[in-house]
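Below: final-v3.cif (mmCIF, C-alpha atoms; chains and numbers go by the auth columns)
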```cif
data_run
loop_
_atom_site.group_PDB
_atom_site.id
_atom_site.type_symbol
_atom_site.label_atom_id
_atom_site.label_comp_id
_atom_site.label_asym_id
_atom_site.label_seq_id
_atom_site.Cartn_x
_atom_site.Cartn_y
_atom_site.Cartn_z
_atom_site.B_iso_or_equiv
_atom_site.auth_seq_id
_atom_site.auth_asym_id
ATOM 1 C CA MET A 1 19.096 -3.866 13.165 0.00 33 A
ATOM 2 C CA ARG A 2 18.311 -0.511 11.560 0.00 34 A
ATOM 3 C CA GLU A 3 16.625 -2.271 8.629 0.00 35 A
ATOM 4 C CA THR A 4 14.553 -4.335 11.082 0.00 36 A
ATOM 5 C CA HIS A 5 13.269 -1.136 12.664 0.00 37 A
ATOM 6 C CA PHE A 6 12.412 0.295 9.234 0.00 38 A
ATOM 7 C CA LYS A 7 10.575 -2.926 8.377 0.00 39 A
ATOM 8 C CA SER A 8 8.674 -2.881 11.689 0.00 40 A
ATOM 9 C CA LEU A 9 7.607 0.690 10.917 0.00 41 A
ATOM 10 C CA GLN A 10 6.468 -0.504 7.484 0.00 42 A
ATOM 11 C CA TYR A 11 4.171 -3.032 9.204 0.00 43 A
ATOM 12 C CA LEU A 12 2.875 -0.518 11.762 0.00 44 A
ATOM 13 C CA THR A 13 2.170 2.149 9.141 0.00 45 A
ATOM 14 C CA GLY A 14 0.464 -0.495 6.985 0.00 46 A
ATOM 15 C CA ILE A 15 -1.897 -1.399 9.845 0.00 47 A
ATOM 16 C CA GLY A 16 -2.519 2.299 10.526 0.00 48 A
ATOM 17 C CA ILE A 17 -3.274 2.962 6.838 0.00 49 A
ATOM 18 C CA PHE A 18 -5.706 0.033 6.744 0.00 50 A
ATOM 19 C CA PHE A 19 -7.875 1.557 9.477 0.00 51 A
ATOM 20 C CA LEU A 20 -7.484 5.249 8.602 0.00 52 A
ATOM 21 C CA VAL A 21 -7.891 4.876 4.823 0.00 53 A
ATOM 22 C CA GLY A 22 -10.736 2.418 5.445 0.00 54 A
ATOM 23 C CA LEU A 23 -12.480 5.118 7.488 0.00 55 A
ATOM 24 C CA HIS A 24 -11.667 7.760 4.849 0.00 56 A
ATOM 25 C CA LEU A 25 -13.052 5.551 2.051 0.00 57 A
ATOM 26 C CA LEU A 26 -16.217 4.613 3.925 0.00 58 A
ATOM 27 C CA ILE A 27 -17.090 8.199 4.861 0.00 59 A
ATOM 28 C CA SER A 28 -15.624 10.272 2.032 0.00 60 A
ATOM 29 C CA HIS A 29 -16.185 8.052 -1.000 0.00 61 A
ATOM 30 C CA LEU A 30 -18.570 5.173 -0.332 0.00 62 A
ATOM 31 C CA SER A 31 -21.240 6.722 1.891 0.00 63 A
ATOM 32 C CA SER A 32 -24.671 7.742 0.661 0.00 64 A
ATOM 33 C CA GLY A 33 -25.345 11.398 -0.109 0.00 65 A
ATOM 34 C CA GLU A 34 -22.809 13.556 -1.914 0.00 66 A
ATOM 35 C CA PRO A 35 -19.507 13.268 -0.032 0.00 67 A
ATOM 36 C CA GLU A 36 -17.605 14.946 -2.896 0.00 68 A
ATOM 37 C CA ALA A 37 -19.930 17.992 -3.118 0.00 69 A
ATOM 38 C CA TRP A 38 -18.310 21.303 -2.108 0.00 70 A
ATOM 39 C CA SER A 39 -20.562 21.654 0.980 0.00 71 A
ATOM 40 C CA SER A 40 -19.487 18.204 2.285 0.00 72 A
ATOM 41 C CA VAL A 41 -15.822 18.871 1.492 0.00 73 A
ATOM 42 C CA ALA A 42 -15.946 22.281 3.240 0.00 74 A
ATOM 43 C CA LYS A 43 -17.669 20.755 6.289 0.00 75 A
ATOM 44 C CA ARG A 44 -14.967 18.075 6.658 0.00 76 A
ATOM 45 C CA ALA A 45 -12.217 20.649 6.064 0.00 77 A
ATOM 46 C CA ALA A 46 -13.441 22.688 9.062 0.00 78 A
ATOM 47 C CA SER A 47 -13.195 19.692 11.412 0.00 79 A
ATOM 48 C CA ALA A 48 -10.102 19.318 13.618 0.00 80 A
ATOM 49 C CA GLY A 49 -10.774 15.563 13.815 0.00 81 A
ATOM 50 C CA TRP A 50 -10.642 15.149 10.032 0.00 82 A
ATOM 51 C CA LEU A 51 -7.533 17.354 9.865 0.00 83 A
ATOM 52 C CA THR A 52 -5.831 15.010 12.354 0.00 84 A
ATOM 53 C CA ILE A 53 -6.898 11.947 10.330 0.00 85 A
ATOM 54 C CA TYR A 54 -5.623 13.488 7.064 0.00 86 A
ATOM 55 C CA ILE A 55 -2.243 14.341 8.610 0.00 87 A
ATOM 56 C CA LEU A 56 -1.888 10.837 10.089 0.00 88 A
ATOM 57 C CA ILE A 57 -2.803 9.258 6.731 0.00 89 A
ATOM 58 C CA LEU A 58 -0.152 11.421 5.049 0.00 90 A
ATOM 59 C CA ILE A 59 2.566 10.501 7.575 0.00 91 A
ATOM 60 C CA PHE A 60 1.763 6.767 7.491 0.00 92 A
ATOM 61 C CA GLY A 61 1.074 6.704 3.740 0.00 93 A
ATOM 62 C CA ILE A 62 4.160 8.581 2.622 0.00 94 A
ATOM 63 C CA TYR A 63 6.438 6.492 4.884 0.00 95 A
ATOM 64 C CA HIS A 64 4.836 3.250 3.642 0.00 96 A
ATOM 65 C CA VAL A 65 5.079 4.252 -0.040 0.00 97 A
ATOM 66 C CA MET A 66 8.618 5.621 0.119 0.00 98 A
ATOM 67 C CA HIS A 67 9.942 2.647 2.119 0.00 99 A
ATOM 68 C CA GLY A 68 8.179 0.318 -0.335 0.00 100 A
ATOM 69 C CA VAL A 69 9.753 2.089 -3.315 0.00 101 A
ATOM 70 C CA ARG A 70 13.165 1.919 -1.606 0.00 102 A
ATOM 71 C CA GLY A 71 12.711 -1.846 -1.134 0.00 103 A
ATOM 72 C CA ILE A 72 11.917 -2.295 -4.820 0.00 104 A
ATOM 73 C CA VAL A 73 14.951 -0.274 -5.955 0.00 105 A
ATOM 74 C CA LEU A 74 17.252 -2.095 -3.489 0.00 106 A
ATOM 75 C CA GLU A 75 16.372 -5.383 -5.199 0.00 107 A
ATOM 76 C CA PHE A 76 18.510 -4.223 -8.129 0.00 108 A
ATOM 77 C CA SER A 77 21.746 -4.920 -6.209 0.00 109 A
ATOM 78 C CA LEU A 78 23.059 -1.360 -5.855 0.00 110 A
ATOM 79 C CA PRO A 79 26.589 -0.564 -4.628 0.00 111 A
ATOM 80 C CA PRO A 80 26.809 1.038 -1.117 0.00 112 A
ATOM 81 C CA THR A 81 27.334 4.598 -2.434 0.00 113 A
ATOM 82 C CA ALA A 82 24.227 4.328 -4.612 0.00 114 A
ATOM 83 C CA VAL A 83 22.254 2.999 -1.618 0.00 115 A
ATOM 84 C CA LYS A 84 23.307 6.059 0.382 0.00 116 A
ATOM 85 C CA ALA A 85 22.234 8.375 -2.451 0.00 117 A
ATOM 86 C CA LEU A 86 18.955 6.480 -2.758 0.00 118 A
ATOM 87 C CA ASN A 87 18.275 6.870 0.986 0.00 119 A
ATOM 88 C CA TRP A 88 18.741 10.640 0.798 0.00 120 A
ATOM 89 C CA ALA A 89 16.641 10.892 -2.367 0.00 121 A
ATOM 90 C CA ILE A 90 13.824 8.926 -0.701 0.00 122 A
ATOM 91 C CA ILE A 91 13.923 11.200 2.381 0.00 123 A
ATOM 92 C CA PHE A 92 14.011 14.364 0.259 0.00 124 A
ATOM 93 C CA ILE A 93 11.144 13.300 -2.031 0.00 125 A
ATOM 94 C CA GLY A 94 9.073 12.038 0.926 0.00 126 A
ATOM 95 C CA VAL A 95 9.476 15.292 2.870 0.00 127 A
ATOM 96 C CA ALA A 96 8.703 17.365 -0.261 0.00 128 A
ATOM 97 C CA ILE A 97 5.504 15.405 -0.965 0.00 129 A
ATOM 98 C CA PHE A 98 4.464 15.668 2.695 0.00 130 A
ATOM 99 C CA GLY A 99 5.066 19.435 2.647 0.00 131 A
ATOM 100 C CA TYR A 100 2.886 19.893 -0.452 0.00 132 A
ATOM 101 C CA ALA A 101 0.170 17.479 0.663 0.00 133 A
ATOM 102 C CA VAL A 102 -0.153 18.686 4.269 0.00 134 A
ATOM 103 C CA TYR A 103 -0.501 22.309 3.129 0.00 135 A
ATOM 104 C CA ILE A 104 -3.860 21.546 1.456 0.00 136 A
ATOM 105 C CA PRO A 105 -5.877 20.368 4.520 0.00 137 A
ATOM 106 C CA ILE A 106 -4.161 22.882 6.851 0.00 138 A
ATOM 107 C CA ASN A 107 -4.946 25.747 4.466 0.00 139 A
ATOM 108 C CA ALA A 108 -8.544 24.511 4.134 0.00 140 A
ATOM 109 C CA TYR A 109 -8.897 24.267 7.926 0.00 141 A
ATOM 110 C CA MET A 110 -7.514 27.758 8.535 0.00 142 A
ATOM 111 C CA VAL A 111 -9.710 29.481 5.916 0.00 143 A
ATOM 112 C CA MET B 1 36.184 -11.288 8.751 0.00 592 B
ATOM 113 C CA LYS B 2 35.793 -12.195 5.099 0.00 593 B
ATOM 114 C CA ALA B 3 32.167 -13.173 5.565 0.00 594 B
ATOM 115 C CA THR B 4 31.440 -9.757 7.107 0.00 595 B
ATOM 116 C CA SER B 5 32.973 -7.815 4.235 0.00 596 B
ATOM 117 C CA ASP B 6 31.302 -10.057 1.628 0.00 597 B
ATOM 118 C CA ALA B 7 27.921 -9.524 3.294 0.00 598 B
ATOM 119 C CA LYS B 8 27.967 -5.863 2.200 0.00 599 B
ATOM 120 C CA ILE B 9 28.148 -6.821 -1.488 0.00 600 B
ATOM 121 C CA PRO B 10 24.620 -7.587 -2.684 0.00 601 B
ATOM 122 C CA LEU B 11 23.976 -10.714 -4.709 0.00 602 B
ATOM 123 C CA PRO B 12 23.346 -9.987 -8.394 0.00 603 B
ATOM 124 C CA ASN B 13 19.672 -9.711 -9.345 0.00 604 B
ATOM 125 C CA ARG B 14 19.853 -11.831 -12.498 0.00 605 B
ATOM 126 C CA LEU B 15 16.147 -11.694 -13.346 0.00 606 B
ATOM 127 C CA GLY B 16 15.723 -7.937 -12.839 0.00 607 B
ATOM 128 C CA ILE B 17 12.220 -6.599 -13.413 0.00 608 B
ATOM 129 C CA LYS B 18 11.327 -9.731 -15.420 0.00 609 B
ATOM 130 C CA GLY B 19 11.401 -11.629 -12.137 0.00 610 B
ATOM 131 C CA TRP B 20 8.217 -9.813 -11.085 0.00 611 B
ATOM 132 C CA ALA B 21 6.229 -11.583 -13.776 0.00 612 B
ATOM 133 C CA TRP B 22 7.914 -14.972 -14.038 0.00 613 B
ATOM 134 C CA ALA B 23 10.524 -16.394 -11.710 0.00 614 B
ATOM 135 C CA GLY B 24 10.143 -20.048 -12.586 0.00 615 B
ATOM 136 C CA ARG B 25 7.793 -22.767 -11.418 0.00 616 B
ATOM 137 C CA TYR B 26 7.114 -21.374 -7.966 0.00 617 B
ATOM 138 C CA LYS B 27 3.999 -21.778 -5.815 0.00 618 B
ATOM 139 C CA ILE B 28 1.170 -19.313 -5.370 0.00 619 B
ATOM 140 C CA GLU B 29 2.878 -17.314 -2.586 0.00 620 B
ATOM 141 C CA ARG B 30 5.632 -16.259 -5.022 0.00 621 B
ATOM 142 C CA TYR B 31 3.043 -14.827 -7.385 0.00 622 B
ATOM 143 C CA LEU B 32 1.190 -13.139 -4.538 0.00 623 B
ATOM 144 C CA TYR B 33 4.453 -11.234 -4.082 0.00 624 B
ATOM 145 C CA THR B 34 4.094 -10.064 -7.703 0.00 625 B
ATOM 146 C CA LEU B 35 0.469 -9.073 -7.113 0.00 626 B
ATOM 147 C CA HIS B 36 1.434 -7.248 -3.895 0.00 627 B
ATOM 148 C CA ARG B 37 4.050 -5.295 -5.814 0.00 628 B
ATOM 149 C CA ILE B 38 1.774 -4.421 -8.737 0.00 629 B
ATOM 150 C CA THR B 39 -1.053 -3.296 -6.425 0.00 630 B
ATOM 151 C CA GLY B 40 1.440 -1.345 -4.289 0.00 631 B
ATOM 152 C CA VAL B 41 2.881 0.543 -7.258 0.00 632 B
ATOM 153 C CA GLY B 42 -0.649 1.150 -8.596 0.00 633 B
ATOM 154 C CA LEU B 43 -1.873 2.479 -5.242 0.00 634 B
ATOM 155 C CA ALA B 44 1.204 4.730 -4.932 0.00 635 B
ATOM 156 C CA ALA B 45 0.489 6.181 -8.397 0.00 636 B
ATOM 157 C CA TYR B 46 -3.166 6.708 -7.445 0.00 637 B
ATOM 158 C CA ILE B 47 -2.229 8.457 -4.177 0.00 638 B
ATOM 159 C CA PHE B 48 -0.123 11.012 -6.054 0.00 639 B
ATOM 160 C CA ILE B 49 -2.947 11.666 -8.540 0.00 640 B
ATOM 161 C CA HIS B 50 -5.365 11.975 -5.589 0.00 641 B
ATOM 162 C CA LEU B 51 -3.077 14.501 -3.867 0.00 642 B
ATOM 163 C CA ILE B 52 -2.812 16.578 -7.058 0.00 643 B
ATOM 164 C CA ALA B 53 -6.615 16.493 -7.466 0.00 644 B
ATOM 165 C CA ASN B 54 -7.006 17.574 -3.825 0.00 645 B
ATOM 166 C CA GLY B 55 -4.839 20.585 -4.618 0.00 646 B
ATOM 167 C CA PHE B 56 -7.688 21.946 -6.775 0.00 647 B
ATOM 168 C CA ARG B 57 -9.590 22.454 -3.543 0.00 648 B
ATOM 169 C CA LEU B 58 -7.429 25.505 -2.926 0.00 649 B
ATOM 170 C CA GLY B 59 -8.944 27.141 -6.031 0.00 650 B
ATOM 171 C CA GLY B 60 -12.346 27.448 -4.385 0.00 651 B
ATOM 172 C CA GLU B 61 -15.818 26.057 -5.054 0.00 652 B
ATOM 173 C CA ASP B 62 -15.966 26.620 -8.838 0.00 653 B
ATOM 174 C CA THR B 63 -12.585 24.986 -9.448 0.00 654 B
ATOM 175 C CA TRP B 64 -13.525 22.044 -7.211 0.00 655 B
ATOM 176 C CA GLU B 65 -16.918 21.483 -8.842 0.00 656 B
ATOM 177 C CA GLY B 66 -15.258 21.733 -12.278 0.00 657 B
ATOM 178 C CA ILE B 67 -12.687 19.053 -11.511 0.00 658 B
ATOM 179 C CA MET B 68 -15.324 16.805 -9.899 0.00 659 B
ATOM 180 C CA SER B 69 -17.568 17.025 -12.960 0.00 660 B
ATOM 181 C CA ALA B 70 -14.560 16.181 -15.155 0.00 661 B
ATOM 182 C CA PHE B 71 -14.022 13.079 -12.984 0.00 662 B
ATOM 183 C CA SER B 72 -17.629 11.879 -13.168 0.00 663 B
ATOM 184 C CA ASN B 73 -17.412 9.561 -16.160 0.00 664 B
ATOM 185 C CA PRO B 74 -17.557 5.749 -16.535 0.00 665 B
ATOM 186 C CA GLY B 75 -13.804 5.436 -17.139 0.00 666 B
ATOM 187 C CA ILE B 76 -13.021 7.056 -13.778 0.00 667 B
ATOM 188 C CA LYS B 77 -15.647 4.798 -12.137 0.00 668 B
ATOM 189 C CA VAL B 78 -13.811 1.724 -13.454 0.00 669 B
ATOM 190 C CA GLY B 79 -10.512 3.214 -12.252 0.00 670 B
ATOM 191 C CA GLU B 80 -11.966 3.819 -8.776 0.00 671 B
ATOM 192 C CA TYR B 81 -13.139 0.212 -8.625 0.00 672 B
ATOM 193 C CA LEU B 82 -9.654 -1.006 -9.571 0.00 673 B
ATOM 194 C CA VAL B 83 -8.192 1.184 -6.795 0.00 674 B
ATOM 195 C CA MET B 84 -10.635 -0.341 -4.279 0.00 675 B
ATOM 196 C CA ALA B 85 -9.782 -3.860 -5.474 0.00 676 B
ATOM 197 C CA ALA B 86 -6.045 -3.092 -5.273 0.00 677 B
ATOM 198 C CA PHE B 87 -6.524 -1.725 -1.733 0.00 678 B
ATOM 199 C CA ILE B 88 -8.345 -4.918 -0.653 0.00 679 B
ATOM 200 C CA ILE B 89 -5.677 -7.193 -2.175 0.00 680 B
ATOM 201 C CA HIS B 90 -2.728 -5.176 -0.817 0.00 681 B
ATOM 202 C CA ALA B 91 -4.244 -4.844 2.678 0.00 682 B
ATOM 203 C CA LEU B 92 -5.220 -8.493 3.140 0.00 683 B
ATOM 204 C CA ASN B 93 -2.020 -9.869 1.605 0.00 684 B
ATOM 205 C CA GLY B 94 -0.041 -7.418 3.737 0.00 685 B
ATOM 206 C CA GLY B 95 -1.851 -8.748 6.816 0.00 686 B
ATOM 207 C CA ARG B 96 -0.947 -12.298 5.782 0.00 687 B
ATOM 208 C CA LEU B 97 2.709 -11.299 5.351 0.00 688 B
ATOM 209 C CA ILE B 98 2.822 -9.630 8.785 0.00 689 B
ATOM 210 C CA LEU B 99 1.349 -12.751 10.438 0.00 690 B
ATOM 211 C CA GLN B 100 3.811 -15.013 8.629 0.00 691 B
ATOM 212 C CA HIS B 101 6.880 -12.848 9.240 0.00 692 B
ATOM 213 C CA MET B 102 6.035 -12.835 12.941 0.00 693 B
ATOM 214 C CA GLY B 103 5.764 -16.641 12.873 0.00 694 B
ATOM 215 C CA LEU B 104 2.153 -16.596 14.077 0.00 695 B
ATOM 216 C CA THR B 105 0.865 -18.971 11.406 0.00 696 B
ATOM 217 C CA LEU B 106 3.585 -21.622 11.543 0.00 697 B
ATOM 218 C CA GLY B 107 1.821 -23.919 13.970 0.00 698 B
ATOM 219 C CA LYS B 108 3.546 -26.363 16.296 0.00 699 B
ATOM 220 C CA PRO B 109 6.760 -28.054 15.117 0.00 700 B
ATOM 221 C CA ASN B 110 6.231 -31.561 13.694 0.00 701 B
ATOM 222 C CA PRO B 111 8.692 -34.470 13.805 0.00 702 B
ATOM 223 C CA PRO B 112 10.444 -34.872 10.423 0.00 703 B
ATOM 224 C CA ILE B 113 8.529 -37.945 9.227 0.00 704 B
ATOM 225 C CA TYR B 114 8.093 -38.574 5.502 0.00 705 B
ATOM 226 C CA PRO B 115 6.163 -37.117 3.660 0.00 706 B
ATOM 227 C CA TYR B 116 7.545 -33.900 5.128 0.00 707 B
ATOM 228 C CA VAL B 117 5.175 -30.965 5.590 0.00 708 B
ATOM 229 C CA ASP B 118 7.127 -27.753 5.192 0.00 709 B
ATOM 230 C CA SER B 119 6.091 -24.465 6.770 0.00 710 B
ATOM 231 C CA MET B 120 4.858 -23.069 3.450 0.00 711 B
ATOM 232 C CA ARG B 121 2.363 -25.917 3.029 0.00 712 B
ATOM 233 C CA ARG B 122 1.234 -25.535 6.646 0.00 713 B
ATOM 234 C CA ARG B 123 0.496 -21.865 5.968 0.00 714 B
ATOM 235 C CA ARG B 124 -1.292 -22.499 2.665 0.00 715 B
ATOM 236 C CA PRO B 125 -4.865 -22.779 4.083 0.00 716 B
ATOM 237 C CA LEU B 126 -4.464 -19.175 5.312 0.00 717 B
ATOM 238 C CA THR B 127 -3.506 -18.162 1.761 0.00 718 B
ATOM 239 C CA TRP B 128 -6.620 -19.782 0.268 0.00 719 B
ATOM 240 C CA ILE B 129 -8.882 -18.256 2.961 0.00 720 B
ATOM 241 C CA MET B 130 -7.351 -14.835 2.255 0.00 721 B
ATOM 242 C CA LEU B 131 -7.932 -15.220 -1.499 0.00 722 B
ATOM 243 C CA ALA B 132 -11.567 -16.230 -0.868 0.00 723 B
ATOM 244 C CA VAL B 133 -12.098 -13.131 1.340 0.00 724 B
ATOM 245 C CA ILE B 134 -10.471 -10.915 -1.334 0.00 725 B
ATOM 246 C CA ALA B 135 -12.790 -12.336 -4.021 0.00 726 B
ATOM 247 C CA ALA B 136 -15.871 -11.900 -1.778 0.00 727 B
ATOM 248 C CA LEU B 137 -14.989 -8.284 -0.900 0.00 728 B
ATOM 249 C CA ALA B 138 -14.146 -7.411 -4.526 0.00 729 B
ATOM 250 C CA ILE B 139 -17.544 -8.749 -5.662 0.00 730 B
ATOM 251 C CA TYR B 140 -19.325 -6.953 -2.788 0.00 731 B
ATOM 252 C CA VAL B 141 -17.720 -3.602 -3.670 0.00 732 B
ATOM 253 C CA LEU B 142 -18.511 -4.148 -7.368 0.00 733 B
ATOM 254 C CA VAL B 143 -22.197 -4.882 -6.701 0.00 734 B
ATOM 255 C CA GLU B 144 -22.834 -2.470 -3.825 0.00 735 B
ATOM 256 C CA PHE B 145 -20.894 0.614 -4.879 0.00 736 B
ATOM 257 C CA VAL B 146 -20.359 0.341 -8.634 0.00 737 B
ATOM 258 C CA ILE B 147 -23.372 -1.487 -10.148 0.00 738 B
ATOM 259 C CA SER B 148 -26.000 -0.359 -7.578 0.00 739 B
ATOM 260 C CA GLY B 149 -24.455 3.082 -7.129 0.00 740 B
ATOM 261 C CA ALA B 150 -24.201 3.817 -10.865 0.00 741 B
#
```
Could you quickly redo this structure as structure tokens?
Amino acid sequence: MRETHFKSLQYLTGIGIFFLVGLHLLISHLSSGEPEAWSSVAKRAASAGWLTIYILILIFGIYHVMHGVRGIVLEFSLPPTAVKALNWAIIFIGVAIFGYAVYIPINAYMV
Amino acid sequence: MKATSDAKIPLPNRLGIKGWAWAGRYKIERYLYTLHRITGVGLAAYIFIHLIANGFRLGGEDTWEGIMSAFSNPGIKVGEYLVMAAFIIHALNGGRLILQHMGLTLGKPNPPIYPYVDSMRRRRPLTWIMLAVIAALAIYVLVEFVISGA
């Protein structure tokens, strides 16, 4: 049952990523003008709405990636102790990446 | 009791990583699994590079403009297109998988009359429609944002 919940979260985060990253791509990378110029980047960084979107993308994205990686590694028929170690490694790496990645938009917003 | 204890021992993965590329004479859905995996791993790698690049923002305007000018070359443009194509494939195939896992594309049950139509064949039109949409979107992004935007 626990795995079913993890899988359901994988689906929900996938749907969330589709809409949020789609929005991010359309506005930040594919729009006309110069979305990657410093003035555009600084303007987005000062917006609470964009900060919220970036944090949501990070939460959904990191869960989706780390759960996906876990699924790939689990295909290699690991013994139960190795699965336990893998679970902790996935949580640790995921939290570490989130901590690094979330610092960037929060720092930019505060400055 | 025995079945419960045996269930904890995973079946051996005889093919290993080779199974991603070739698992035998399977149908297209089996190889969409391979494509989903390759695009997923590629997107994960890109996300980490993207996060590292974003970190340069903390260095201020000069650092940011420097890294952006380093990224503005044709090789990076091709890489960005591949990321977009991978995103389209992974997203649409993921949507197909969600629909199928939830049983929404199975259709009504049929009586078992020969020639039997299994659930995979009943779902196949959705697979072909999805592949057509992927091809159309990949061409649109190529023309609109890469060729026209170059």
Contacts from chain B to chain A, 7 Å maximum, only C-alpha atoms: show me the residue list as an mmCIF file with C-alpha atoms, keeping the file's coordinate frame.
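Once everything was written out, this is out-v5.cif:
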```
data_model
loop_
_atom_site.group_PDB
_atom_site.id
_atom_site.type_symbol
_atom_site.label_atom_id
_atom_site.label_comp_id
_atom_site.auth_asym_id
_atom_site.auth_seq_id
_atom_site.Cartn_x
_atom_site.Cartn_y
_atom_site.Cartn_z
ATOM 1 C CA PRO B 601 24.620 -7.587 -2.684
ATOM 2 C CA LEU B 602 23.976 -10.714 -4.709
ATOM 3 C CA PRO B 603 23.346 -9.987 -8.394
ATOM 4 C CA ASN B 604 19.672 -9.711 -9.345
ATOM 5 C CA GLY B 607 15.723 -7.937 -12.839
ATOM 6 C CA ALA B 635 1.204 4.730 -4.932
ATOM 7 C CA LEU B 642 -3.077 14.501 -3.867
ATOM 8 C CA GLY B 646 -4.839 20.585 -4.618
ATOM 9 C CA LEU B 649 -7.429 25.505 -2.926
ATOM 10 C CA GLU B 652 -15.818 26.057 -5.054
ATOM 11 C CA GLU B 656 -16.918 21.483 -8.842
ATOM 12 C CA ALA B 682 -4.244 -4.844 2.678
ATOM 13 C CA ILE B 689 2.822 -9.630 8.785
ATOM 14 C CA PHE B 736 -20.894 0.614 -4.879
#
```
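Evaluating the PyMOL selection byres ((chain B and resi 692) around 12) against the shown model yields Thr36, Lys39, Ser40 and Tyr43 of chain A; Gly685, Gly686, Arg687, Leu688, Ile689, Leu690, Gln691, Met693, Gly694, Leu695, Thr696, Leu697, Ser710, Met711 and Arg714 of chain B.
Relative to CA of Ala726 (chain B), CA of His681 (chain B) is found at 12.8 Å.
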Rounded to one decimal place, report the CA of Phe92 (chain A)-CA of Thr45 (chain A) distance in Å.
-> 4.9 Å
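When CA of Leu634 (chain B) is paired with CA of Ser72 (chain A), their separation reads 24.8 Å.
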Check what the PyMOL selection byres ((chain B and resi 665-672) around 9) selects in the file above and give those residues as a PyMOL selection string.
-> chain B and resi 662-664+673-677+729+732-733+736-737+741
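Of the residues listed (A:Ile123, A:Tyr95, A:Phe130, A:Ala114), A:Tyr95 shows the shortest atom-to-atom separation from Phe38 (chain A); distances use only C-alpha atoms.
If you apply the PyMOL selection byres ((chain A and resi 122) around 10) to this structure, you end up with Tyr95, Val97, Met98, His99, Val101, Arg102, Lys116, Ala117, Leu118, Asn119, Trp120, Ala121, Ile123, Phe124, Ile125, Gly126, Val127 and Ala128 of chain A.
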10 Å contact set for Phe647 (chain B), all atoms listed in the file, chain neighbours under 6 positions out, as a VMD selection string | (chain A and resid 136) or (chain B and resid 653 to 659)
Would you mind writing region 714-718 of chain B with all heavy atoms, as a CSV table (one decimal), keeping the file's coordinate frame?
```csv
chain,number,residue,atom,x,y,z
B,714,ARG,N,1.1,-23.2,6.0
B,714,ARG,CA,0.5,-21.9,6.0
B,714,ARG,C,-0.5,-21.7,4.8
B,714,ARG,O,-1.3,-20.8,4.8
B,714,ARG,CB,1.6,-20.8,5.7
B,714,ARG,CG,2.5,-20.6,6.8
B,714,ARG,CD,3.8,-20.0,6.2
B,714,ARG,NE,4.6,-19.4,7.2
B,714,ARG,CZ,5.8,-18.9,7.0
B,714,ARG,NH1,6.3,-18.8,5.7
B,714,ARG,NH2,6.6,-18.4,7.9
B,715,ARG,N,-0.5,-22.7,3.9
B,715,ARG,CA,-1.3,-22.5,2.7
B,715,ARG,C,-2.8,-22.3,2.9
B,715,ARG,O,-3.4,-21.5,2.2
B,715,ARG,CB,-1.0,-23.6,1.7
B,715,ARG,CG,-1.6,-23.3,0.3
B,715,ARG,CD,-0.8,-23.8,-0.8
B,715,ARG,NE,0.5,-23.2,-0.9
B,715,ARG,CZ,1.6,-23.9,-1.2
B,715,ARG,NH1,1.6,-25.1,-1.5
B,715,ARG,NH2,2.8,-23.2,-1.3
B,716,PRO,N,-3.4,-23.0,3.9
B,716,PRO,CA,-4.9,-22.8,4.1
B,716,PRO,C,-5.2,-21.3,4.3
B,716,PRO,O,-6.2,-20.8,3.8
B,716,PRO,CB,-5.2,-23.6,5.3
B,716,PRO,CG,-4.2,-24.7,5.3
B,716,PRO,CD,-2.9,-24.1,4.7
B,717,LEU,N,-4.3,-20.6,5.1
B,717,LEU,CA,-4.5,-19.2,5.3
B,717,LEU,C,-4.5,-18.4,4.0
B,717,LEU,O,-5.3,-17.5,3.8
B,717,LEU,CB,-3.4,-18.7,6.2
B,717,LEU,CG,-3.4,-17.2,6.5
B,717,LEU,CD1,-4.5,-16.8,7.5
B,717,LEU,CD2,-2.1,-16.7,7.1
B,718,THR,N,-3.6,-18.8,3.1
B,718,THR,CA,-3.5,-18.2,1.8
B,718,THR,C,-4.8,-18.3,1.0
B,718,THR,O,-5.3,-17.4,0.4
B,718,THR,CB,-2.3,-18.8,0.9
B,718,THR,OG1,-1.2,-18.7,1.7
B,718,THR,CG2,-2.2,-18.1,-0.4
```
